[in-house]
$ cat final-v1.txt   # compact mmCIF, C-alpha atoms
# COMPACT_ATOMS: atom_id res chain seq x y z
CA MET A 1 -33.31 -5.59 4.67
CA LYS A 2 -30.68 -7.36 2.61
CA SER A 3 -27.27 -7.80 4.20
CA LEU A 4 -24.62 -5.26 3.26
CA ARG A 5 -21.87 -6.73 1.07
CA LEU A 6 -18.77 -5.25 -0.51
CA SER A 7 -19.41 -5.67 -4.24
CA GLN A 8 -16.55 -3.72 -5.85
CA ILE A 9 -13.06 -2.52 -4.91
CA TRP A 10 -11.29 0.12 -7.01
CA ILE A 11 -7.80 1.59 -6.94
CA TYR A 12 -6.55 4.54 -8.98
CA PRO A 13 -2.75 4.31 -9.07
CA VAL A 14 -2.25 7.60 -10.96
CA LYS A 15 -4.43 10.43 -9.73
CA SER A 16 -7.12 11.26 -12.30
CA MET A 17 -6.21 8.43 -14.68
CA SER A 18 -8.41 5.35 -15.01
CA GLY A 19 -9.14 3.02 -12.11
CA ILE A 20 -8.52 -0.70 -11.70
CA PRO A 21 -11.16 -3.07 -10.27
CA VAL A 22 -9.60 -5.63 -7.93
CA THR A 23 -11.01 -8.55 -5.95
CA SER A 24 -9.02 -7.82 -2.79
CA ALA A 25 -6.75 -5.09 -1.49
CA SER A 26 -4.50 -4.24 1.43
CA VAL A 27 -5.71 -1.40 3.62
CA ARG A 28 -2.95 1.11 4.38
CA PRO A 29 -3.08 4.26 6.53
CA LYS A 30 -3.10 6.53 3.44
CA GLY A 31 -5.56 4.43 1.45
CA LEU A 32 -5.62 1.14 -0.39
CA GLU A 33 -2.24 -0.15 -1.50
CA TYR A 34 -1.14 1.55 -4.76
CA ASP A 35 -4.12 3.92 -4.69
CA ARG A 36 -3.13 7.40 -5.91
CA ARG A 37 0.56 7.04 -5.17
CA TRP A 38 1.41 8.72 -8.51
CA MET A 39 0.19 11.91 -10.18
CA LEU A 40 0.94 14.38 -12.93
CA ILE A 41 2.15 17.87 -12.02
CA ASP A 42 2.52 20.97 -14.16
CA GLU A 43 5.62 23.15 -14.47
CA GLU A 44 4.76 24.87 -11.15
CA GLY A 45 4.43 21.56 -9.30
CA THR A 46 0.64 21.72 -9.04
CA PHE A 47 -1.40 18.54 -9.45
CA MET A 48 -3.20 17.93 -12.73
CA THR A 49 -6.63 16.32 -13.10
CA GLN A 50 -9.41 15.65 -15.58
CA ARG A 51 -11.14 18.81 -14.38
CA VAL A 52 -8.77 20.78 -16.64
CA HIS A 53 -7.39 17.93 -18.76
CA PRO A 54 -10.28 15.52 -19.53
CA LYS A 55 -7.98 13.64 -21.93
CA MET A 56 -6.37 12.12 -18.82
CA ALA A 57 -9.32 9.70 -18.76
CA LEU A 58 -7.87 8.02 -21.86
CA PHE A 59 -4.77 6.92 -19.95
CA LYS A 60 -5.56 3.45 -18.61
CA THR A 61 -3.60 1.74 -15.85
CA SER A 62 -2.88 -1.83 -14.79
CA LEU A 63 -0.72 -3.62 -12.24
CA SER A 64 1.48 -6.65 -12.82
CA GLU A 65 4.39 -8.38 -11.13
CA ASP A 66 6.65 -6.03 -13.10
CA GLY A 67 5.02 -2.91 -11.66
CA LEU A 68 2.57 -0.27 -12.80
CA LYS A 69 1.70 0.04 -16.48
CA ILE A 70 0.17 3.12 -18.11
CA HIS A 71 -1.58 2.51 -21.42
CA PHE A 72 -2.48 5.12 -24.03
CA HIS A 73 -4.17 3.55 -27.04
CA THR A 74 -1.62 0.96 -28.23
CA ASP A 75 1.35 2.43 -26.32
CA THR A 76 2.43 1.18 -22.88
CA LEU A 77 4.72 2.76 -20.29
CA ASN A 78 6.28 0.62 -17.56
CA VAL A 79 6.59 2.38 -14.20
CA PRO A 80 8.56 0.99 -11.24
CA ILE A 81 6.55 0.55 -8.06
CA ASN A 82 9.10 2.33 -5.89
CA THR A 83 10.98 5.35 -7.16
CA THR A 84 14.19 5.97 -5.25
CA GLU A 85 16.44 7.90 -7.62
CA GLY A 86 14.14 10.52 -9.13
CA ALA A 87 14.43 14.23 -8.44
CA VAL A 88 12.67 15.39 -5.27
CA ILE A 89 9.97 17.92 -6.13
CA GLN A 90 7.90 20.20 -3.92
CA SER A 91 4.42 19.58 -5.25
CA ARG A 92 0.92 20.67 -4.30
CA VAL A 93 -2.50 18.99 -4.10
CA TRP A 94 -5.10 21.70 -3.54
CA ASN A 95 -3.70 23.62 -0.56
CA ASP A 96 -1.52 20.76 0.67
CA PRO A 97 2.23 20.85 0.06
CA VAL A 98 3.55 17.35 -0.70
CA VAL A 99 7.08 16.14 -1.29
CA THR A 100 7.18 13.87 -4.34
CA GLN A 101 9.80 12.29 -6.59
CA GLU A 102 9.84 12.36 -10.37
CA VAL A 103 9.82 8.84 -11.73
CA SER A 104 12.26 9.92 -14.45
CA PRO A 105 12.50 12.58 -17.17
CA ASP A 106 11.85 9.88 -19.77
CA HIS A 107 8.61 8.84 -18.06
CA SER A 108 7.49 12.46 -17.84
CA ARG A 109 8.30 13.00 -21.51
CA TRP A 110 6.27 9.94 -22.55
CA VAL A 111 3.14 11.20 -20.78
CA SER A 112 3.65 14.80 -21.92
CA GLU A 113 3.85 13.80 -25.58
CA ARG A 114 0.60 11.82 -25.44
CA LEU A 115 -1.32 14.26 -23.26
CA GLY A 116 -0.16 17.20 -25.37
CA VAL A 117 0.77 19.17 -22.26
CA SER A 118 4.13 19.53 -20.53
CA CYS A 119 3.97 17.62 -17.25
CA ARG A 120 5.95 15.42 -14.90
CA LEU A 121 4.99 12.00 -13.56
CA VAL A 122 5.76 11.91 -9.84
CA PHE A 123 5.56 9.33 -7.05
CA PHE A 124 4.48 9.92 -3.44
CA PRO A 125 6.64 7.82 -1.08
CA GLU A 126 4.71 6.09 1.70
CA LYS A 127 6.84 7.70 4.41
CA ASN A 128 6.07 11.26 3.30
CA PRO A 129 3.34 12.99 5.33
CA ARG A 130 0.07 14.51 4.16
CA PRO A 131 -2.40 14.96 7.06
CA VAL A 132 -6.14 14.96 6.44
CA ASP A 133 -8.21 18.01 7.33
CA PRO A 134 -7.78 18.34 11.13
CA GLU A 135 -11.50 19.05 11.51
CA TYR A 136 -12.26 15.47 10.50
CA LYS A 137 -9.25 13.50 11.69
CA ILE A 138 -9.73 10.69 14.19
CA GLN A 139 -6.14 9.94 15.03
CA ASP A 140 -2.95 10.95 13.22
CA ASP A 141 -4.63 10.34 9.87
CA HIS A 142 -2.87 10.85 6.55
CA VAL A 143 -3.93 10.52 2.92
CA SER A 144 -2.20 9.69 -0.36
CA LEU A 145 -2.65 11.96 -3.39
CA ALA A 146 -6.45 11.62 -3.29
CA ASP A 147 -8.31 14.91 -3.01
CA GLY A 148 -8.82 14.81 0.73
CA TYR A 149 -9.43 11.43 2.37
CA PRO A 150 -7.99 7.92 2.13
CA PHE A 151 -11.18 6.07 1.08
CA LEU A 152 -14.53 6.72 -0.59
CA ILE A 153 -17.54 4.42 -0.27
CA ILE A 154 -20.75 4.49 -2.34
CA GLY A 155 -23.81 2.25 -2.16
CA GLN A 156 -25.01 0.59 -5.35
CA ALA A 157 -28.50 1.67 -4.29
CA SER A 158 -27.33 5.31 -4.37
CA LEU A 159 -26.17 4.95 -7.97
CA ASP A 160 -29.29 3.01 -8.94
CA TYR A 161 -31.53 5.75 -7.56
CA LEU A 162 -29.61 8.45 -9.43
CA ASN A 163 -29.76 6.44 -12.65
CA SER A 164 -33.53 6.07 -12.27
CA LEU A 165 -33.73 9.86 -12.64
CA LEU A 166 -31.37 10.15 -15.62
CA GLN A 167 -32.23 9.71 -19.28
CA HIS A 168 -28.91 7.93 -19.80
CA PRO A 169 -27.65 5.86 -16.82
CA LEU A 170 -24.07 6.41 -15.71
CA PRO A 171 -21.46 3.86 -14.61
CA ILE A 172 -19.87 3.92 -11.18
CA ASN A 173 -16.53 5.03 -12.68
CA ARG A 174 -17.90 8.59 -12.92
CA PHE A 175 -17.66 8.78 -9.12
CA ARG A 176 -14.29 7.08 -8.48
CA PRO A 177 -15.13 5.11 -5.32
CA ASN A 178 -12.77 2.73 -3.57
CA PHE A 179 -15.63 0.67 -2.17
CA VAL A 180 -19.07 -0.12 -3.60
CA PHE A 181 -21.60 -2.14 -1.60
CA THR A 182 -24.95 -3.78 -2.18
CA GLY A 183 -27.89 -3.91 0.22
CA GLY A 184 -29.38 -1.07 2.21
CA GLU A 185 -31.14 2.09 1.07
CA PRO A 186 -30.00 4.86 -1.28
CA HIS A 187 -27.43 7.10 0.43
CA GLU A 188 -27.50 5.22 3.71
CA GLU A 189 -23.69 5.45 3.69
CA ASP A 190 -24.23 9.11 4.68
CA THR A 191 -25.15 7.92 8.16
CA TRP A 192 -22.32 5.46 8.77
CA ARG A 193 -19.89 6.39 11.51
CA ASN A 194 -18.18 3.18 12.71
CA PHE A 195 -18.41 0.13 10.47
CA VAL A 196 -16.50 -3.02 9.59
CA ILE A 197 -15.74 -4.48 6.16
CA GLY A 198 -14.81 -8.13 6.64
CA GLY A 199 -12.58 -7.83 9.68
CA ASN A 200 -11.32 -4.29 9.08
CA LYS A 201 -12.68 -1.29 11.01
CA PHE A 202 -13.42 2.02 9.29
CA ALA A 203 -15.02 5.35 10.19
CA GLY A 204 -17.15 7.57 7.98
CA VAL A 205 -16.07 11.17 8.45
CA LYS A 206 -17.58 13.46 5.81
CA PRO A 207 -19.90 13.33 2.78
CA CYS A 208 -18.00 13.69 -0.50
CA SER A 209 -18.59 16.93 -2.42
CA ARG A 210 -18.76 16.32 -6.16
CA CYS A 211 -17.37 18.37 -9.02
CA ILE A 212 -17.23 18.57 -12.81
CA MET A 213 -15.19 15.35 -13.01
CA THR A 214 -18.43 13.39 -12.63
CA THR A 215 -19.52 14.78 -16.02
CA ILE A 216 -16.52 13.36 -17.92
CA ASP A 217 -17.06 10.26 -20.03
CA GLN A 218 -14.26 7.91 -18.93
CA ASP A 219 -14.19 6.13 -22.29
CA LYS A 220 -14.12 9.23 -24.49
CA GLY A 221 -12.36 11.78 -22.27
CA GLU A 222 -15.10 14.33 -23.01
CA LYS A 223 -17.13 16.57 -20.69
CA GLY A 224 -20.91 16.33 -20.61
CA VAL A 225 -23.63 17.83 -18.41
CA GLU A 226 -25.03 15.13 -16.13
CA PRO A 227 -25.15 14.09 -13.35
CA LEU A 228 -24.61 17.41 -11.54
CA PRO A 229 -27.93 19.12 -12.48
CA THR A 230 -29.92 16.07 -11.40
CA LEU A 231 -27.94 15.55 -8.20
CA ALA A 232 -28.35 19.23 -7.35
CA ARG A 233 -32.11 18.73 -7.10
CA TYR A 234 -31.84 16.37 -4.14
CA ARG A 235 -28.23 16.15 -2.95
CA LYS A 236 -27.25 19.80 -2.42
CA VAL A 237 -26.23 21.11 1.01
CA ASN A 238 -24.59 24.49 1.64
CA ASN A 239 -24.16 24.89 -2.11
CA LYS A 240 -22.24 21.60 -2.39
CA ILE A 241 -23.45 18.48 -4.18
CA GLN A 242 -22.83 15.35 -2.12
CA PHE A 243 -22.54 11.76 -3.31
CA GLY A 244 -20.71 9.08 -1.31
CA GLN A 245 -18.97 9.10 2.05
CA ASN A 246 -15.33 9.86 2.82
CA VAL A 247 -13.77 7.25 5.08
CA ILE A 248 -10.72 6.72 7.30
CA ALA A 249 -9.38 3.29 8.25
CA LEU A 250 -9.01 2.37 11.91
CA GLU A 251 -7.24 -0.92 11.16
CA TYR A 252 -4.93 -1.99 8.35
CA GLY A 253 -5.79 -5.48 7.17
CA GLN A 254 -7.27 -6.92 3.99
CA VAL A 255 -10.63 -6.41 2.30
CA SER A 256 -12.19 -8.59 -0.40
CA VAL A 257 -15.19 -8.48 -2.69
CA GLY A 258 -17.99 -10.37 -0.96
CA ASP A 259 -17.02 -9.24 2.54
CA GLU A 260 -19.96 -8.53 4.83
CA ILE A 261 -20.30 -4.97 6.09
CA THR A 262 -21.50 -4.37 9.64
CA VAL A 263 -22.49 -0.88 10.77
CA HIS A 264 -21.93 -0.33 14.49
CA THR A 265 -22.78 3.35 14.99
CA ARG A 266 -24.56 5.89 12.86
CA GLN A 267 -24.66 9.65 12.64
CA PRO A 268 -27.59 11.86 11.65
CA GLU A 269 -28.50 11.48 7.99
CA ALA A 270 -27.03 14.33 5.94
CA ILE A 271 -29.67 14.41 3.19
CA SER A 272 -32.81 12.45 2.46
CA ILE A 273 -34.07 11.69 -1.03
$ encode --input "final-v1.txt" --output "structure tokens"
Amino acid sequence: MKSLRLSQIWIYPVKSMSGIPVTSASVRPKGLEYDRRWMLIDEEGTFMTQRVHPKMALFKTSLSEDGLKIHFHTDTLNVPINTTEGAVIQSRVWNDPVVTQEVSPDHSRWVSERLGVSCRLVFFPEKNPRPVDPEYKIQDDHVSLADGYPFLIIGQASLDYLNSLLQHPLPINRFRPNFVFTGGEPHEEDTWRNFVIGGNKFAGVKPCSRCIMTTIDQDKGEKGVEPLPTLARYRKVNNKIQFGQNVIALEYGQVSVGDEITVHTRQPEAISI
């Protein structure tokens, strides 16, 4: 068996906007540094995603020494890394109440005009709490504005196997992982309990249930059909389609592309192909 190696690292600064591939990242309790620390909310304070607004895929993001940048076609919006003066807003991600801060009315207006929907761009301060599901917590675990868990890992072999069944192969960005690894068998990440990336300890806690966002072309911002029908044929459990493993960090160091992955303990395999 080939050794397991971290091959890609992704962060998604603004929830449901495009991701950024990086060569290394700092591991924080809520997720990778800068990962899903911003999001769009509607007039009721509820989070907005590509599930309802697929056009959000057309907003690209980048990081520089000056801060976060949001790009829409030829337009660019500069966003400060830390928002300290914006209005405090009671927001919601699924059933979780979260206290956020609006970056500024001008920033919200810029995004609203290009998205074609009234929204506000908000920031989630690192000190603000958002506990993970208590059924799966290991310690006092918290998460950023991601759907439910701080990290998501997917094996390249898992994607390769899926693509072997599809008429048109899909890129990894359909599945929004933080970590991609090479080596091993398709979906072996399902079985990982305690593992190490480089020198940083992690724990796999729950397979990731997939939704309609996986059908959205990230270059066109348009919904399609695949991969859900194909995945449903061999990755469906209790009426949920699973692809990838949700993860919690046990240590908060640094990870880099090329790091070796060592699996220390495993759990029963959730699904076989």
$ closest_residue --input "final-v1.txt" --among "A:Pro169, A:Gly221, A:Gly183, A:Pro150" --to "A:Ile261" --atoms "all atoms listed in the file"
A:Gly183
$ residues_around --input "final-v1.txt" --residues "stretch 70-86 of chain A" --least-positions-apart "2" --cutoff "6 Å" --atoms "only C-alpha atoms" --output "ChimeraX atom specification"
/A:59-61,67-68,101-104
$ atom_distance --input "final-v1.txt" --atom1 "atom CA of A:His142" --atom2 "atom CA of A:Asn128"
9.5 Å
$ closest_residue --input "final-v1.txt" --among "A:Val257, A:Val122, A:Leu250, A:Ile20" --to "A:Ser64" --atoms "only C-alpha atoms"
A:Ile20
$ closest_atom_pairs --input "final-v1.txt" --of "stretch 4-28 of chain A" --to "stretch 195-201 of chain A" --cutoff "12 Å" --atoms "all atoms listed in the file" --output "JSON lines"
{"residue": "A:Leu4", "atom": "CA", "partner": "A:Ile197", "partner_atom": "CA", "distance": 9.4}
{"residue": "A:Arg5", "atom": "CA", "partner": "A:Ile197", "partner_atom": "CA", "distance": 8.3}
{"residue": "A:Leu6", "atom": "CA", "partner": "A:Ile197", "partner_atom": "CA", "distance": 7.4}
{"residue": "A:Ser7", "atom": "CA", "partner": "A:Ile197", "partner_atom": "CA", "distance": 11.1}
{"residue": "A:Ile9", "atom": "CA", "partner": "A:Ile197", "partner_atom": "CA", "distance": 11.6}
{"residue": "A:Ser24", "atom": "CA", "partner": "A:Gly198", "partner_atom": "CA", "distance": 11.1}
{"residue": "A:Ala25", "atom": "CA", "partner": "A:Asn200", "partner_atom": "CA", "distance": 11.5}
{"residue": "A:Ser26", "atom": "CA", "partner": "A:Asn200", "partner_atom": "CA", "distance": 10.2}
{"residue": "A:Val27", "atom": "CA", "partner": "A:Asn200", "partner_atom": "CA", "distance": 8.3}
{"residue": "A:Arg28", "atom": "CA", "partner": "A:Asn200", "partner_atom": "CA", "distance": 11.0}
$ residues_around --input "final-v1.txt" --residues "A:Arg193" --least-positions-apart "6" --cutoff "8 Å" --atoms "only C-alpha atoms" --output "list in words"
Ala203, Gly204, Val205, Val263, His264, Thr265, Arg266 and Gln267 of chain A
$ write_last_selection --input "final-v1.txt" --atoms "C-alpha atoms" --output "CSV table (one decimal), in the frame of the given file"
chain,number,residue,atom,x,y,z
A,203,ALA,CA,-15.0,5.4,10.2
A,204,GLY,CA,-17.2,7.6,8.0
A,205,VAL,CA,-16.1,11.2,8.4
A,263,VAL,CA,-22.5,-0.9,10.8
A,264,HIS,CA,-21.9,-0.3,14.5
A,265,THR,CA,-22.8,3.4,15.0
A,266,ARG,CA,-24.6,5.9,12.9
A,267,GLN,CA,-24.7,9.6,12.6
$ atom_distance --input "final-v1.txt" --atom1 "atom CA of A:Thr262" --atom2 "atom CA of A:Asp133"
26.1 Å
$ closest_residue --input "final-v1.txt" --among "A:Thr49, A:Gln8, A:Thr182, A:Ser18" --to "A:Ile212" --atoms "all atoms listed in the file"
A:Thr49
$ residues_around --input "final-v1.txt" --residues "A:Trp38" --least-positions-apart "6" --cutoff "8 Å" --atoms "all atoms listed in the file" --output "PyMOL selection string"
chain A and resi 13-15+121-124+145
$ closest_residue --input "final-v1.txt" --among "A:Val225, A:Gly184, A:Glu251, A:Asp219" --to "A:Gln167" --atoms "all atoms listed in the file"
A:Val225
$ closest_residue --input "final-v1.txt" --among "A:Asp160, A:Glu113, A:Glu43, A:Glu226" --to "A:Phe181" --atoms "all atoms listed in the file"
A:Asp160
$ atom_distance --input "final-v1.txt" --atom1 "atom CA of A:Pro227" --atom2 "atom CA of A:Leu166"
7.7 Å
$ residues_around --input "final-v1.txt" --residues "A:Phe151" --least-positions-apart "4" --cutoff "8 Å" --atoms "all atoms listed in the file" --output "list in words"
Gly31, Leu32, Pro177, Asn178, Phe179, Asn246, Val247, Ile248 and Ala249 of chain A
$ residues_around --input "final-v1.txt" --residues "A:Gln218" --least-positions-apart "2" --cutoff "8 Å" --atoms "all atoms listed in the file" --output "VMD selection string"
chain A and resid 18 57 to 58 173 to 174 216 220 to 222
$ write_last_selection --input "final-v1.txt" --atoms "C-alpha atoms" --output "compact mmCIF listing (two decimals), keeping the file's coordinate frame"
# COMPACT_ATOMS: atom_id res chain seq x y z
CA SER A 18 -8.41 5.35 -15.01
CA ALA A 57 -9.32 9.70 -18.76
CA LEU A 58 -7.87 8.02 -21.86
CA ASN A 173 -16.53 5.03 -12.68
CA ARG A 174 -17.90 8.59 -12.92
CA ILE A 216 -16.52 13.36 -17.92
CA LYS A 220 -14.12 9.23 -24.49
CA GLY A 221 -12.36 11.78 -22.27
CA GLU A 222 -15.10 14.33 -23.01
$ closest_residue --input "final-v1.txt" --among "A:Trp110, A:Tyr161, A:Phe202, A:Tyr149" --to "A:Arg235" --atoms "all atoms listed in the file"
A:Tyr161
$ residues_near_point --input "final-v1.txt" --point "(-15.4, 15.3, -8.6)" --cutoff "12 Å" --atoms "all atoms listed in the file" --output "PDB file with C-alpha atoms, in the frame of the given file"
ATOM      1  CA  SER A  16      -7.120  11.260 -12.300  1.00  0.00           C
ATOM      2  CA  THR A  49      -6.630  16.320 -13.100  1.00  0.00           C
ATOM      3  CA  GLN A  50      -9.410  15.650 -15.580  1.00  0.00           C
ATOM      4  CA  ARG A  51     -11.140  18.810 -14.380  1.00  0.00           C
ATOM      5  CA  VAL A  52      -8.770  20.780 -16.640  1.00  0.00           C
ATOM      6  CA  ALA A 146      -6.450  11.620  -3.290  1.00  0.00           C
ATOM      7  CA  ASP A 147      -8.310  14.910  -3.010  1.00  0.00           C
ATOM      8  CA  GLY A 148      -8.820  14.810   0.730  1.00  0.00           C
ATOM      9  CA  LEU A 152     -14.530   6.720  -0.590  1.00  0.00           C
ATOM     10  CA  ASN A 173     -16.530   5.030 -12.680  1.00  0.00           C
ATOM     11  CA  ARG A 174     -17.900   8.590 -12.920  1.00  0.00           C
ATOM     12  CA  PHE A 175     -17.660   8.780  -9.120  1.00  0.00           C
ATOM     13  CA  ARG A 176     -14.290   7.080  -8.480  1.00  0.00           C
ATOM     14  CA  PRO A 177     -15.130   5.110  -5.320  1.00  0.00           C
ATOM     15  CA  CYS A 208     -18.000  13.690  -0.500  1.00  0.00           C
ATOM     16  CA  SER A 209     -18.590  16.930  -2.420  1.00  0.00           C
ATOM     17  CA  ARG A 210     -18.760  16.320  -6.160  1.00  0.00           C
ATOM     18  CA  CYS A 211     -17.370  18.370  -9.020  1.00  0.00           C
ATOM     19  CA  ILE A 212     -17.230  18.570 -12.810  1.00  0.00           C
ATOM     20  CA  MET A 213     -15.190  15.350 -13.010  1.00  0.00           C
ATOM     21  CA  THR A 214     -18.430  13.390 -12.630  1.00  0.00           C
ATOM     22  CA  THR A 215     -19.520  14.780 -16.020  1.00  0.00           C
ATOM     23  CA  ILE A 216     -16.520  13.360 -17.920  1.00  0.00           C
ATOM     24  CA  PRO A 227     -25.150  14.090 -13.350  1.00  0.00           C
ATOM     25  CA  LEU A 228     -24.610  17.410 -11.540  1.00  0.00           C
ATOM     26  CA  LYS A 240     -22.240  21.600  -2.390  1.00  0.00           C
ATOM     27  CA  ILE A 241     -23.450  18.480  -4.180  1.00  0.00           C
ATOM     28  CA  GLN A 242     -22.830  15.350  -2.120  1.00  0.00           C
ATOM     29  CA  PHE A 243     -22.540  11.760  -3.310  1.00  0.00           C
ATOM     30  CA  GLY A 244     -20.710   9.080  -1.310  1.00  0.00           C
TER      31      GLY A 244
END
